[in-house]
file input.json (JSON, C-alpha atoms and all ligand atoms)
[["chain", "number", "residue", "atom", "x", "y", "z"],
["A", 1, "MET", "CA", 125.44, 103.78, 115.28],
["A", 2, "SER", "CA", 123.89, 102.91, 118.65],
["A", 3, "MET", "CA", 122.90, 99.24, 118.66],
["A", 4, "GLY", "CA", 122.72, 96.82, 121.60],
["A", 5, "ARG", "CA", 125.68, 94.72, 122.71],
["A", 6, "TYR", "CA", 124.24, 91.56, 121.22],
["A", 7, "ALA", "CA", 123.58, 92.89, 117.70],
["A", 8, "ALA", "CA", 126.84, 94.54, 116.67],
["A", 9, "SER", "CA", 129.40, 92.39, 118.41],
["A", 10, "THR", "CA", 128.20, 88.82, 118.08],
["A", 11, "ASP", "CA", 126.70, 88.51, 114.62],
["A", 12, "PRO", "CA", 128.55, 89.74, 111.55],
["A", 13, "GLU", "CA", 125.26, 89.80, 109.64],
["A", 14, "ALA", "CA", 123.59, 91.86, 112.23],
["A", 15, "GLY", "CA", 123.57, 95.53, 111.90],
["A", 16, "ARG", "CA", 122.63, 97.64, 108.97],
["A", 17, "ASP", "CA", 121.79, 95.88, 105.72],
["A", 18, "GLY", "CA", 122.06, 97.29, 102.22],
["A", 19, "ASP", "CA", 118.33, 98.00, 102.22],
["A", 20, "GLY", "CA", 118.73, 100.34, 105.19],
["A", 21, "SER", "CA", 117.17, 97.87, 107.59],
["A", 22, "VAL", "CA", 118.70, 96.77, 110.88],
["A", 23, "LEU", "CA", 118.62, 93.18, 112.12],
["A", 24, "LEU", "CA", 118.36, 92.60, 115.85],
["A", 25, "ARG", "CA", 119.18, 89.19, 117.30],
["A", 26, "SER", "CA", 118.63, 87.91, 120.86],
["A", 27, "PRO", "CA", 120.67, 85.19, 122.57],
["A", 28, "SER", "CA", 117.57, 82.94, 122.43],
["A", 29, "GLY", "CA", 117.81, 83.09, 118.62],
["A", 30, "ALA", "CA", 114.82, 85.38, 118.11],
["A", 31, "THR", "CA", 115.25, 88.14, 115.52],
["A", 32, "ALA", "CA", 113.60, 91.40, 114.55],
["A", 33, "ARG", "CA", 114.20, 93.46, 111.40],
["A", 34, "VAL", "CA", 113.66, 97.22, 111.50],
["A", 35, "SER", "CA", 113.34, 99.35, 108.37],
["A", 36, "LEU", "CA", 114.54, 102.95, 108.50],
["A", 37, "HIS", "CA", 111.61, 103.67, 106.21],
["A", 38, "GLY", "CA", 108.85, 104.53, 108.64],
["A", 39, "GLY", "CA", 110.88, 103.27, 111.63],
["A", 40, "GLN", "CA", 108.83, 100.16, 110.95],
["A", 41, "VAL", "CA", 109.41, 96.71, 112.45],
["A", 42, "VAL", "CA", 109.01, 94.54, 109.33],
["A", 43, "SER", "CA", 109.74, 91.14, 110.89],
["A", 44, "TRP", "CA", 109.78, 89.48, 114.32],
["A", 45, "LYS", "CA", 110.69, 85.80, 114.55],
["A", 46, "ASN", "CA", 110.82, 83.48, 117.53],
["A", 47, "ASP", "CA", 113.78, 81.22, 118.36],
["A", 48, "ARG", "CA", 112.41, 78.57, 115.96],
["A", 49, "GLY", "CA", 112.39, 81.10, 113.12],
["A", 50, "ASP", "CA", 108.56, 81.33, 112.97],
["A", 51, "GLU", "CA", 107.42, 84.76, 111.71],
["A", 52, "LEU", "CA", 105.10, 86.33, 114.30],
["A", 53, "LEU", "CA", 104.08, 89.42, 112.32],
["A", 54, "PHE", "CA", 102.00, 89.45, 109.14],
["A", 55, "THR", "CA", 103.23, 90.97, 105.87],
["A", 56, "SER", "CA", 100.99, 90.99, 102.83],
["A", 57, "SER", "CA", 102.22, 89.12, 99.75],
["A", 58, "LYS", "CA", 101.09, 92.26, 97.88],
["A", 59, "ALA", "CA", 102.87, 94.71, 100.19],
["A", 60, "ILE", "CA", 104.55, 97.62, 98.41],
["A", 61, "MET", "CA", 108.14, 97.66, 99.66],
["A", 62, "LYS", "CA", 109.16, 100.89, 97.95],
["A", 63, "PRO", "CA", 108.90, 104.23, 99.84],
["A", 64, "PRO", "CA", 106.98, 106.46, 100.26],
["A", 65, "LYS", "CA", 104.03, 104.16, 101.03],
["A", 66, "ALA", "CA", 104.23, 102.25, 104.31],
["A", 67, "MET", "CA", 104.62, 98.49, 103.93],
["A", 68, "ARG", "CA", 101.36, 96.57, 104.56],
["A", 69, "GLY", "CA", 102.37, 94.56, 107.57],
["A", 70, "GLY", "CA", 104.74, 94.56, 110.54],
["A", 71, "ILE", "CA", 104.27, 97.53, 112.89],
["A", 72, "PRO", "CA", 103.78, 100.87, 111.12],
["A", 73, "ILE", "CA", 103.86, 103.90, 113.45],
["A", 74, "CYS", "CA", 100.81, 106.17, 113.26],
["A", 75, "PHE", "CA", 101.89, 109.73, 114.20],
["A", 76, "PRO", "CA", 101.01, 112.61, 114.61],
["A", 77, "GLN", "CA", 97.50, 111.42, 113.65],
["A", 78, "PHE", "CA", 95.67, 108.12, 114.10],
["A", 79, "GLY", "CA", 93.25, 107.19, 111.34],
["A", 80, "ASN", "CA", 91.32, 110.04, 109.78],
["A", 81, "CYS", "CA", 90.97, 111.97, 113.06],
["A", 82, "GLY", "CA", 92.50, 115.17, 111.68],
["A", 83, "THR", "CA", 93.55, 117.06, 108.55],
["A", 84, "LEU", "CA", 96.64, 114.99, 107.68],
["A", 85, "GLU", "CA", 96.91, 111.86, 105.50],
["A", 86, "ARG", "CA", 95.46, 108.79, 107.20],
["A", 87, "HIS", "CA", 97.61, 107.69, 110.13],
["A", 88, "GLY", "CA", 99.90, 110.75, 109.76],
["A", 89, "PHE", "CA", 103.27, 111.03, 107.99],
["A", 90, "ALA", "CA", 105.75, 109.26, 110.30],
["A", 91, "ARG", "CA", 105.14, 105.84, 108.66],
["A", 92, "ASN", "CA", 106.05, 107.28, 105.24],
["A", 93, "ARG", "CA", 109.29, 109.00, 106.23],
["A", 94, "MET", "CA", 112.94, 107.92, 106.30],
["A", 95, "TRP", "CA", 114.09, 107.83, 109.92],
["A", 96, "GLY", "CA", 117.68, 108.38, 111.06],
["A", 97, "LEU", "CA", 119.86, 106.41, 113.44],
["A", 98, "ASP", "CA", 119.93, 108.26, 116.73],
["A", 99, "GLU", "CA", 123.55, 108.85, 117.67],
["A", 100, "GLU", "CA", 122.97, 110.81, 120.78],
["A", 101, "HIS", "CA", 120.04, 108.97, 122.41],
["A", 102, "PRO", "CA", 119.59, 110.10, 126.01],
["A", 103, "ALA", "CA", 119.98, 107.11, 128.35],
["A", 104, "LEU", "CA", 116.84, 105.10, 128.78],
["A", 105, "SER", "CA", 116.15, 103.33, 132.06],
["A", 106, "ARG", "CA", 118.27, 100.30, 132.98],
["A", 107, "SER", "CA", 115.42, 97.94, 132.17],
["A", 108, "ASP", "CA", 115.29, 99.41, 128.70],
["A", 109, "SER", "CA", 118.81, 98.54, 127.72],
["A", 110, "GLY", "CA", 120.45, 95.86, 129.95],
["A", 111, "SER", "CA", 120.27, 92.48, 128.31],
["A", 112, "ARG", "CA", 118.76, 93.55, 125.03],
["A", 113, "SER", "CA", 119.62, 93.89, 121.41],
["A", 114, "PHE", "CA", 118.40, 97.31, 120.37],
["A", 115, "VAL", "CA", 118.52, 100.12, 117.86],
["A", 116, "ASP", "CA", 117.71, 103.78, 118.39],
["A", 117, "LEU", "CA", 115.98, 105.76, 115.65],
["A", 118, "ILE", "CA", 115.04, 109.41, 115.40],
["A", 119, "LEU", "CA", 112.53, 111.42, 113.36],
["A", 120, "LYS", "CA", 112.39, 115.21, 113.09],
["A", 121, "PRO", "CA", 109.93, 117.10, 110.90],
["A", 122, "SER", "CA", 111.01, 118.08, 107.38],
["A", 123, "GLU", "CA", 110.17, 121.46, 105.94],
["A", 124, "GLU", "CA", 107.41, 119.69, 104.01],
["A", 125, "ASP", "CA", 105.99, 118.25, 107.22],
["A", 126, "THR", "CA", 105.88, 121.61, 108.98],
["A", 127, "LYS", "CA", 103.76, 122.99, 106.12],
["A", 128, "SER", "CA", 101.01, 120.47, 106.92],
["A", 129, "TRP", "CA", 101.75, 120.15, 110.64],
["A", 130, "PRO", "CA", 103.49, 123.33, 111.87],
["A", 131, "HIS", "CA", 105.12, 121.89, 114.98],
["A", 132, "SER", "CA", 108.74, 121.08, 115.92],
["A", 133, "PHE", "CA", 109.23, 117.75, 117.61],
["A", 134, "GLU", "CA", 111.88, 115.12, 118.22],
["A", 135, "PHE", "CA", 110.62, 111.54, 118.03],
["A", 136, "ARG", "CA", 113.06, 109.02, 119.51],
["A", 137, "LEU", "CA", 112.21, 105.35, 119.04],
["A", 138, "ARG", "CA", 114.06, 102.47, 120.70],
["A", 139, "ILE", "CA", 113.25, 99.02, 119.30],
["A", 140, "SER", "CA", 114.67, 96.09, 121.20],
["A", 141, "LEU", "CA", 114.59, 92.35, 121.70],
["A", 142, "THR", "CA", 114.88, 91.00, 125.22],
["A", 143, "LYS", "CA", 117.07, 87.99, 125.94],
["A", 144, "ASP", "CA", 113.93, 85.84, 125.73],
["A", 145, "GLY", "CA", 112.94, 87.27, 122.35],
["A", 146, "ASP", "CA", 110.16, 89.64, 123.47],
["A", 147, "LEU", "CA", 109.81, 92.70, 121.21],
["A", 148, "SER", "CA", 109.75, 96.15, 122.80],
["A", 149, "LEU", "CA", 109.11, 99.57, 121.27],
["A", 150, "VAL", "CA", 109.65, 102.73, 123.32],
["A", 151, "SER", "CA", 108.60, 106.04, 121.69],
["A", 152, "ARG", "CA", 109.57, 109.38, 123.23],
["A", 153, "ILE", "CA", 108.16, 112.50, 121.64],
["A", 154, "ARG", "CA", 109.47, 115.84, 122.78],
["A", 155, "ASN", "CA", 107.89, 119.21, 122.01],
["A", 156, "VAL", "CA", 110.80, 121.40, 120.88],
["A", 157, "ASN", "CA", 108.31, 123.96, 119.69],
["A", 158, "GLY", "CA", 107.48, 127.38, 121.08],
["A", 159, "LYS", "CA", 103.87, 126.43, 121.61],
["A", 160, "PRO", "CA", 101.85, 123.38, 122.74],
["A", 161, "PHE", "CA", 100.80, 120.74, 120.23],
["A", 162, "SER", "CA", 98.47, 117.73, 120.31],
["A", 163, "PHE", "CA", 98.74, 114.40, 118.51],
["A", 164, "SER", "CA", 97.24, 110.92, 118.37],
["A", 165, "PHE", "CA", 99.29, 107.76, 118.06],
["A", 166, "ALA", "CA", 99.23, 104.01, 117.39],
["A", 167, "TYR", "CA", 101.56, 101.05, 117.04],
["A", 168, "HIS", "CA", 99.64, 99.54, 114.11],
["A", 169, "THR", "CA", 100.51, 95.92, 114.86],
["A", 170, "TYR", "CA", 99.74, 93.27, 112.20],
["A", 171, "LEU", "CA", 99.81, 89.98, 114.12],
["A", 172, "SER", "CA", 100.22, 86.76, 112.11],
["A", 173, "VAL", "CA", 97.49, 84.25, 112.99],
["A", 174, "SER", "CA", 96.63, 80.74, 111.78],
["A", 175, "ASP", "CA", 92.98, 81.46, 110.96],
["A", 176, "ILE", "CA", 91.06, 84.52, 112.13],
["A", 177, "SER", "CA", 88.03, 82.38, 113.01],
["A", 178, "GLU", "CA", 90.25, 80.49, 115.48],
["A", 179, "VAL", "CA", 91.38, 83.63, 117.32],
["A", 180, "ARG", "CA", 90.03, 85.41, 120.37],
["A", 181, "ILE", "CA", 91.04, 88.45, 122.40],
["A", 182, "GLU", "CA", 90.92, 88.45, 126.21],
["A", 183, "GLY", "CA", 91.03, 91.65, 128.26],
["A", 184, "LEU", "CA", 88.59, 93.91, 126.35],
["A", 185, "GLU", "CA", 85.39, 92.45, 127.72],
["A", 186, "THR", "CA", 82.69, 94.95, 128.88],
["A", 187, "LEU", "CA", 84.74, 97.94, 127.64],
["A", 188, "ASP", "CA", 83.33, 100.85, 125.68],
["A", 189, "TYR", "CA", 84.47, 101.16, 122.09],
["A", 190, "LEU", "CA", 84.14, 103.63, 119.22],
["A", 191, "ASP", "CA", 82.98, 101.87, 116.07],
["A", 192, "ASN", "CA", 84.86, 103.22, 113.01],
["A", 193, "LEU", "CA", 82.36, 101.37, 110.82],
["A", 194, "SER", "CA", 79.58, 103.66, 112.07],
["A", 195, "GLN", "CA", 80.94, 107.17, 112.52],
["A", 196, "ARG", "CA", 82.76, 106.33, 115.79],
["A", 197, "GLU", "CA", 79.46, 105.54, 117.50],
["A", 198, "ARG", "CA", 80.06, 104.50, 121.14],
["A", 199, "HIS", "CA", 79.05, 100.97, 122.18],
["A", 200, "THR", "CA", 79.83, 98.63, 125.06],
["A", 201, "GLU", "CA", 81.46, 95.23, 124.44],
["A", 202, "GLN", "CA", 79.57, 92.17, 125.72],
["A", 203, "GLY", "CA", 81.05, 90.06, 128.50],
["A", 204, "ASP", "CA", 82.89, 87.33, 126.65],
["A", 205, "ALA", "CA", 86.22, 87.21, 124.89],
["A", 206, "ILE", "CA", 86.09, 88.80, 121.43],
["A", 207, "THR", "CA", 85.92, 86.49, 118.40],
["A", 208, "PHE", "CA", 85.72, 87.32, 114.67],
["A", 209, "GLU", "CA", 83.17, 86.58, 111.96],
["A", 210, "SER", "CA", 82.99, 89.89, 110.05],
["A", 211, "GLU", "CA", 84.80, 93.21, 109.44],
["A", 212, "VAL", "CA", 85.81, 94.96, 112.67],
["A", 213, "ASP", "CA", 87.31, 98.42, 113.14],
["A", 214, "ARG", "CA", 87.05, 99.58, 116.74],
["A", 215, "VAL", "CA", 88.82, 101.76, 119.26],
["A", 216, "TYR", "CA", 88.49, 100.19, 122.73],
["A", 217, "VAL", "CA", 88.83, 103.13, 125.09],
["A", 218, "SER", "CA", 90.70, 103.07, 128.42],
["A", 219, "SER", "CA", 91.69, 99.46, 127.91],
["A", 220, "PRO", "CA", 93.84, 97.46, 130.38],
["A", 221, "ASN", "CA", 97.62, 97.57, 129.94],
["A", 222, "VAL", "CA", 97.82, 93.81, 129.42],
["A", 223, "ILE", "CA", 95.66, 91.93, 126.92],
["A", 224, "ALA", "CA", 96.01, 88.56, 125.22],
["A", 225, "VAL", "CA", 95.36, 87.36, 121.67],
["A", 226, "LEU", "CA", 94.86, 83.58, 121.67],
["A", 227, "ASP", "CA", 95.45, 81.58, 118.48],
["A", 228, "HIS", "CA", 93.92, 78.15, 119.16],
["A", 229, "GLU", "CA", 95.29, 76.41, 116.09],
["A", 230, "LYS", "CA", 98.87, 77.53, 116.72],
["A", 231, "LYS", "CA", 98.43, 77.06, 120.52],
["A", 232, "ARG", "CA", 100.09, 80.44, 120.73],
["A", 233, "THR", "CA", 99.18, 83.54, 122.72],
["A", 234, "PHE", "CA", 100.37, 87.06, 122.02],
["A", 235, "VAL", "CA", 100.60, 88.96, 125.30],
["A", 236, "ILE", "CA", 100.42, 92.69, 124.60],
["A", 237, "ARG", "CA", 101.65, 95.07, 127.30],
["A", 238, "LYS", "CA", 101.41, 98.80, 126.87],
["A", 239, "ASP", "CA", 102.14, 101.94, 128.86],
["A", 240, "GLY", "CA", 101.19, 105.58, 128.17],
["A", 241, "LEU", "CA", 98.70, 104.39, 125.51],
["A", 242, "PRO", "CA", 95.16, 104.29, 126.94],
["A", 243, "ASP", "CA", 93.35, 102.67, 123.98],
["A", 244, "THR", "CA", 93.43, 99.45, 121.95],
["A", 245, "VAL", "CA", 92.42, 99.44, 118.28],
["A", 246, "VAL", "CA", 91.17, 96.17, 116.80],
["A", 247, "TRP", "CA", 90.96, 95.86, 113.00],
["A", 248, "ASN", "CA", 90.29, 93.17, 110.44],
["A", 249, "PRO", "CA", 89.08, 94.27, 106.96],
["A", 250, "TRP", "CA", 87.39, 90.91, 106.27],
["A", 251, "GLU", "CA", 86.50, 89.73, 102.78],
["A", 252, "LYS", "CA", 84.77, 92.72, 101.09],
["A", 253, "LYS", "CA", 87.24, 95.43, 102.25],
["A", 254, "ALA", "CA", 90.20, 93.11, 101.54],
["A", 255, "LYS", "CA", 89.17, 93.03, 97.89],
["A", 256, "THR", "CA", 89.35, 96.83, 97.72],
["A", 257, "MET", "CA", 92.93, 97.05, 99.03],
["A", 258, "ALA", "CA", 95.60, 96.90, 96.28],
["A", 259, "ASP", "CA", 98.40, 95.97, 98.68],
["A", 260, "PHE", "CA", 96.45, 93.22, 100.45],
["A", 261, "GLY", "CA", 95.53, 89.73, 99.12],
["A", 262, "ASP", "CA", 91.82, 88.86, 98.86],
["A", 263, "GLU", "CA", 92.09, 85.94, 101.30],
["A", 264, "GLU", "CA", 94.78, 87.41, 103.55],
["A", 265, "TYR", "CA", 92.26, 88.78, 106.08],
["A", 266, "LYS", "CA", 92.22, 85.18, 107.42],
["A", 267, "GLN", "CA", 95.92, 85.32, 108.38],
["A", 268, "THR", "CA", 96.10, 88.58, 110.29],
["A", 269, "LEU", "CA", 94.57, 90.67, 113.05],
["A", 270, "CYS", "CA", 95.62, 94.21, 113.91],
["A", 271, "VAL", "CA", 95.68, 94.94, 117.64],
["A", 272, "ASP", "CA", 97.14, 98.41, 118.17],
["A", 273, "ALA", "CA", 98.26, 100.01, 121.43],
["A", 274, "ALA", "CA", 97.05, 103.54, 120.81],
["A", 275, "ALA", "CA", 96.11, 107.01, 121.97],
["A", 276, "ALA", "CA", 93.18, 107.38, 119.60],
["A", 277, "GLU", "CA", 90.12, 108.58, 121.52],
["A", 278, "ARG", "CA", 91.67, 111.72, 123.03],
["A", 279, "PRO", "CA", 94.77, 113.47, 121.64],
["A", 280, "ILE", "CA", 97.86, 113.89, 123.81],
["A", 281, "THR", "CA", 98.92, 117.49, 124.38],
["A", 282, "LEU", "CA", 102.53, 118.49, 125.06],
["A", 283, "ARG", "CA", 103.57, 121.92, 126.26],
["A", 284, "PRO", "CA", 106.93, 123.32, 125.05],
["A", 285, "GLY", "CA", 109.80, 121.22, 126.44],
["A", 286, "GLU", "CA", 107.52, 118.43, 127.57],
["A", 287, "GLU", "CA", 108.08, 114.79, 126.55],
["A", 288, "TRP", "CA", 105.65, 111.86, 126.25],
["A", 289, "THR", "CA", 106.61, 108.17, 126.39],
["A", 290, "GLY", "CA", 104.57, 105.35, 124.87],
["A", 291, "ARG", "CA", 105.69, 101.73, 125.36],
["A", 292, "LEU", "CA", 104.66, 98.47, 123.73],
["A", 293, "GLU", "CA", 105.98, 95.03, 124.64],
["A", 294, "LEU", "CA", 104.96, 91.94, 122.70],
["A", 295, "SER", "CA", 105.50, 88.36, 123.87],
["A", 296, "ALA", "CA", 104.49, 85.19, 122.03],
["A", 297, "VAL", "CA", 103.97, 82.33, 124.49],
["A", 298, "PRO", "CA", 102.54, 78.81, 124.31],
["A", 299, "SER", "CA", 98.83, 79.12, 125.11],
["A", 300, "THR", "CA", 99.19, 76.61, 127.96],
["A", 301, "ASN", "CA", 100.59, 79.27, 130.27],
["A", 302, "CYS", "CA", 99.02, 82.46, 128.90],
["A", 303, "SER", "CA", 96.84, 82.96, 132.00],
["A", 304, "ASP", "CA", 100.06, 83.30, 134.04],
["A", 305, "HIS", "CA", 100.92, 86.27, 131.82],
["A", 306, "LEU", "CA", 97.50, 87.92, 132.09],
["A", 307, "ASP", "CA", 97.77, 87.96, 135.87],
["A", 308, "GLN", "CA", 101.16, 89.66, 135.68],
["A", 309, "PRO", "CA", 101.39, 93.46, 135.95],
["A", 310, "GLY", "CA", 101.94, 95.65, 132.84],
["A", 311, "ILE", "CA", 105.27, 97.05, 131.72],
["A", 312, "MET", "CA", 107.39, 97.91, 134.74],
["A", 401, "LIG", "O1", 93.35, 100.75, 112.44],
["A", 401, "LIG", "C1", 92.28, 100.81, 111.78],
["A", 401, "LIG", "C2", 92.38, 101.61, 110.51],
["A", 401, "LIG", "O2", 92.34, 102.96, 110.76],
["A", 401, "LIG", "C3", 91.29, 101.13, 109.60],
["A", 401, "LIG", "O3", 90.25, 102.07, 109.53],
["A", 401, "LIG", "C4", 91.99, 100.87, 108.28],
["A", 401, "LIG", "O4", 91.95, 101.92, 107.48],
["A", 401, "LIG", "C5", 93.39, 100.53, 108.75],
["A", 401, "LIG", "O5", 93.63, 101.37, 109.81],
["A", 401, "LIG", "C6", 94.47, 100.57, 107.72],
["A", 401, "LIG", "O6", 94.77, 101.83, 107.32],
["A", 401, "LIG", "P1", 95.76, 102.07, 106.07],
["A", 401, "LIG", "O7", 95.87, 103.53, 105.93],
["A", 401, "LIG", "O8", 97.09, 101.43, 106.45],
["A", 401, "LIG", "O9", 95.14, 101.37, 104.90]]
call {"tool": "encode", "arguments": {"input": "input.json", "output": "structure tokens"}}
result
Amino acid sequence: MSMGRYAASTDPEAGRDGDGSVLLRSPSGATARVSLHGGQVVSWKNDRGDELLFTSSKAIMKPPKAMRGGIPICFPQFGNCGTLERHGFARNRMWGLDEEHPALSRSDSGSRSFVDLILKPSEEDTKSWPHSFEFRLRISLTKDGDLSLVSRIRNVNGKPFSFSFAYHTYLSVSDISEVRIEGLETLDYLDNLSQRERHTEQGDAITFESEVDRVYVSSPNVIAVLDHEKKRTFVIRKDGLPDTVVWNPWEKKAKTMADFGDEEYKQTLCVDAAAAERPITLRPGEEWTGRLELSAVPSTNCSDHLDQPGIM
């Protein structure tokens, strides 16, 4: 089982748990739990043990449905943009541990606690999506507790295929009315609440007072989600994923979701690094890489982060 030097060696608890999840631990004391069901990060905690990702109190933990919270992986389809079930099948499948993961770059392994997962299509999958692929996913914690997800999808098919993708990230926030997003100002977005109509965002940081379900197209590779009450900023860095999806179901939609509490829309905001507007096409033998890196920093020095470049 390929796990980073911190996980296996230093912490007897770390490693694979009875429920098929893997616990990663960084020297700073941060942790992340990864479920083999859906290849889903189901928890990310900072060095003080604060949970940084939202999980619904009504989440269904039993496969096949994806757990409502954490970071489900939307592949090979984002949303309803295609013929498959919403957000594709990857989030509802059991992933394997990737024994023979090709070496990732130095910066991707070095001082990290990590686990490598792999997904290949089942016979059932190829009936609905007749393409052969290998999806390798490395999930890691840096020494400072930042969470990184690196997806590599290879076309092992005889013919090209196209897909859309998202890291459907449920951030945990103090109160949605106290949150704002910086970095999406003046961008065009597709509004999923009105048939993907195209609009342009106004100039200020985005704040929330009603249901929102938007795909911000060609968004910057670094954006920030500021939580005033918690004086915490999530810095989101992405690479290979041109779009950013922003979703909050608000009150009315929350009441229609069985695996979501009526008031829980106040404690979460989904900000997804995605390829949602235009599908990605891979010719036979080609491989695509999509990276997400999440940091949670005290809001005092978030502007330092925004000025920094994206994922190197
Ligand atoms: O990301 C936005 C979105 O596509 C919304 O339209 C909403 O449906 C959300 O995802 C959750 O989807 P799910 O299938 O997990 O209920």
call {"tool": "axis_aligned_box", "arguments": {"input": "input.json", "around": "segment 81-85 of chain A", "padding_each_side": "8 Å", "output": "JSON"}}
result
{"center_x": 93.9, "center_y": 114.5, "center_z": 109.3, "size_x": 21.9, "size_y": 21.2, "size_z": 23.6}
call {"tool": "residues_near_point", "arguments": {"input": "input.json", "point": "(115.9, 80.0, 115.6)", "cutoff": "6 Å", "atoms": "all atoms listed in the file", "output": "PDB file with C-alpha atoms, in the frame of the given file"}}
result
ATOM      1  CA  GLY A  29     117.810  83.090 118.620  1.00  0.00           C
ATOM      2  CA  ASP A  47     113.780  81.220 118.360  1.00  0.00           C
ATOM      3  CA  ARG A  48     112.410  78.570 115.960  1.00  0.00           C
ATOM      4  CA  GLY A  49     112.390  81.100 113.120  1.00  0.00           C
TER       5      GLY A  49
END
call {"tool": "atom_distance", "arguments": {"input": "input.json", "atom1": "atom CA of Leu84 of chain A", "atom2": "atom O9 of ligand LIG 401 (chain A)"}}
result
14.0 Å
call {"tool": "residues_near_ligand", "arguments": {"input": "input.json", "ligand": "ligand LIG 401 (chain A)", "cutoff": "9 Å", "atoms": "all atoms listed in the file", "output": "PyMOL selection string"}}
result
chain A and resi 66-69+72+78-80+85-87+166+168-169+192-193+212-215+245-249+257+259+270-272
call {"tool": "atom_distance", "arguments": {"input": "input.json", "atom1": "atom CA of Ser174 of chain A", "atom2": "atom CA of Ile206 of chain A"}}
result
16.4 Å
call {"tool": "residues_near_point", "arguments": {"input": "input.json", "point": "(98.3, 115.8, 103.9)", "cutoff": "10 Å", "atoms": "all atoms listed in the file", "output": "PDB file with C-alpha atoms, in the coordinates of the input"}}
result
ATOM      1  CA  GLY A  82      92.500 115.170 111.680  1.00  0.00           C
ATOM      2  CA  THR A  83      93.550 117.060 108.550  1.00  0.00           C
ATOM      3  CA  LEU A  84      96.640 114.990 107.680  1.00  0.00           C
ATOM      4  CA  GLU A  85      96.910 111.860 105.500  1.00  0.00           C
ATOM      5  CA  ARG A  86      95.460 108.790 107.200  1.00  0.00           C
ATOM      6  CA  GLY A  88      99.900 110.750 109.760  1.00  0.00           C
ATOM      7  CA  PHE A  89     103.270 111.030 107.990  1.00  0.00           C
ATOM      8  CA  GLU A 124     107.410 119.690 104.010  1.00  0.00           C
ATOM      9  CA  ASP A 125     105.990 118.250 107.220  1.00  0.00           C
ATOM     10  CA  LYS A 127     103.760 122.990 106.120  1.00  0.00           C
ATOM     11  CA  SER A 128     101.010 120.470 106.920  1.00  0.00           C
ATOM     12  CA  TRP A 129     101.750 120.150 110.640  1.00  0.00           C
TER      13      TRP A 129
END
call {"tool": "residues_around", "arguments": {"input": "input.json", "residues": "Ile73 of chain A", "least_positions_apart": "4", "cutoff": "8 Å", "atoms": "only C-alpha atoms", "output": "list of chain:residue names"}}
result
A:Gly38, A:Gly39, A:Gln40, A:Ala90, A:Arg91, A:Phe165, A:Ala166, A:Tyr167, A:His168
call {"tool": "atom_distance", "arguments": {"input": "input.json", "atom1": "atom CA of Ala205 of chain A", "atom2": "atom CA of Gly183 of chain A"}}
result
7.4 Å
call {"tool": "closest_residue", "arguments": {"input": "input.json", "among": "A:Ser28, A:Asn157, A:Ser172, A:Ser132", "to": "Ser43 of chain A", "atoms": "all atoms listed in the file"}}
result
A:Ser172
call {"tool": "closest_atom_pairs", "arguments": {"input": "input.json", "of": "segment 130-213 of chain A", "to": "segment 277-289 of chain A", "cutoff": "12 Å", "atoms": "all atoms listed in the file", "output": "CSV"}}
result
residue,atom,partner,partner_atom,distance
A:His131,CA,A:Pro284,CA,10.3
A:Ser132,CA,A:Pro284,CA,9.6
A:Phe133,CA,A:Glu287,CA,9.5
A:Glu134,CA,A:Glu287,CA,9.2
A:Phe135,CA,A:Glu287,CA,9.5
A:Arg136,CA,A:Thr289,CA,9.5
A:Leu137,CA,A:Thr289,CA,9.7
A:Arg138,CA,A:Thr289,CA,11.0
A:Leu149,CA,A:Thr289,CA,10.3
A:Val150,CA,A:Thr289,CA,6.9
A:Ser151,CA,A:Thr289,CA,5.5
A:Arg152,CA,A:Thr289,CA,4.5
A:Ile153,CA,A:Trp288,CA,5.3
A:Arg154,CA,A:Glu287,CA,4.2
A:Asn155,CA,A:Pro284,CA,5.2
A:Val156,CA,A:Gly285,CA,5.7
A:Asn157,CA,A:Pro284,CA,5.6
A:Gly158,CA,A:Pro284,CA,5.7
A:Lys159,CA,A:Pro284,CA,5.6
A:Pro160,CA,A:Arg283,CA,4.2
A:Phe161,CA,A:Thr281,CA,5.6
A:Ser162,CA,A:Thr281,CA,4.1
A:Phe163,CA,A:Pro279,CA,5.1
A:Ser164,CA,A:Pro279,CA,4.8
A:Phe165,CA,A:Pro279,CA,8.1
A:Ala166,CA,A:Glu277,CA,11.0
A:Asp188,CA,A:Glu277,CA,11.1
A:Tyr189,CA,A:Glu277,CA,9.3
A:Leu190,CA,A:Glu277,CA,8.1
A:Asp191,CA,A:Glu277,CA,11.2
A:Asn192,CA,A:Glu277,CA,11.3
A:Arg196,CA,A:Glu277,CA,9.6
A:Glu197,CA,A:Glu277,CA,11.8
A:Arg198,CA,A:Glu277,CA,10.9
call {"tool": "closest_residue", "arguments": {"input": "input.json", "among": "A:Leu24, A:Val34, A:Ala258, A:Val297", "to": "Leu141 of chain A", "atoms": "all atoms listed in the file"}}
result
A:Leu24
call {"tool": "residues_around", "arguments": {"input": "input.json", "residues": "Lys266 of chain A", "least_positions_apart": "4", "cutoff": "9 Å", "atoms": "only C-alpha atoms", "output": "PyMOL selection string"}}
result
chain A and resi 173-177+248+250-251
call {"tool": "decode", "arguments": {"input": "input.json", "residues": "segment 43-54 of chain A", "atoms": "C-alpha atoms", "output": "CSV table (one decimal), in the first residue's frame"}}
result
chain,number,residue,atom,x,y,z
A,43,SER,CA,-12.4,15.0,6.8
A,44,TRP,CA,-9.6,17.6,6.9
A,45,LYS,CA,-8.5,19.0,10.3
A,46,ASN,CA,-6.0,21.7,11.2
A,47,ASP,CA,-3.3,21.3,13.8
A,48,ARG,CA,-5.8,22.3,16.5
A,49,GLY,CA,-8.2,19.6,15.4
A,50,ASP,CA,-10.8,22.0,13.9
A,51,GLU,CA,-12.7,20.4,11.1
A,52,LEU,CA,-12.3,22.4,7.9
A,53,LEU,CA,-14.7,20.5,5.7
A,54,PHE,CA,-18.5,20.3,6.1
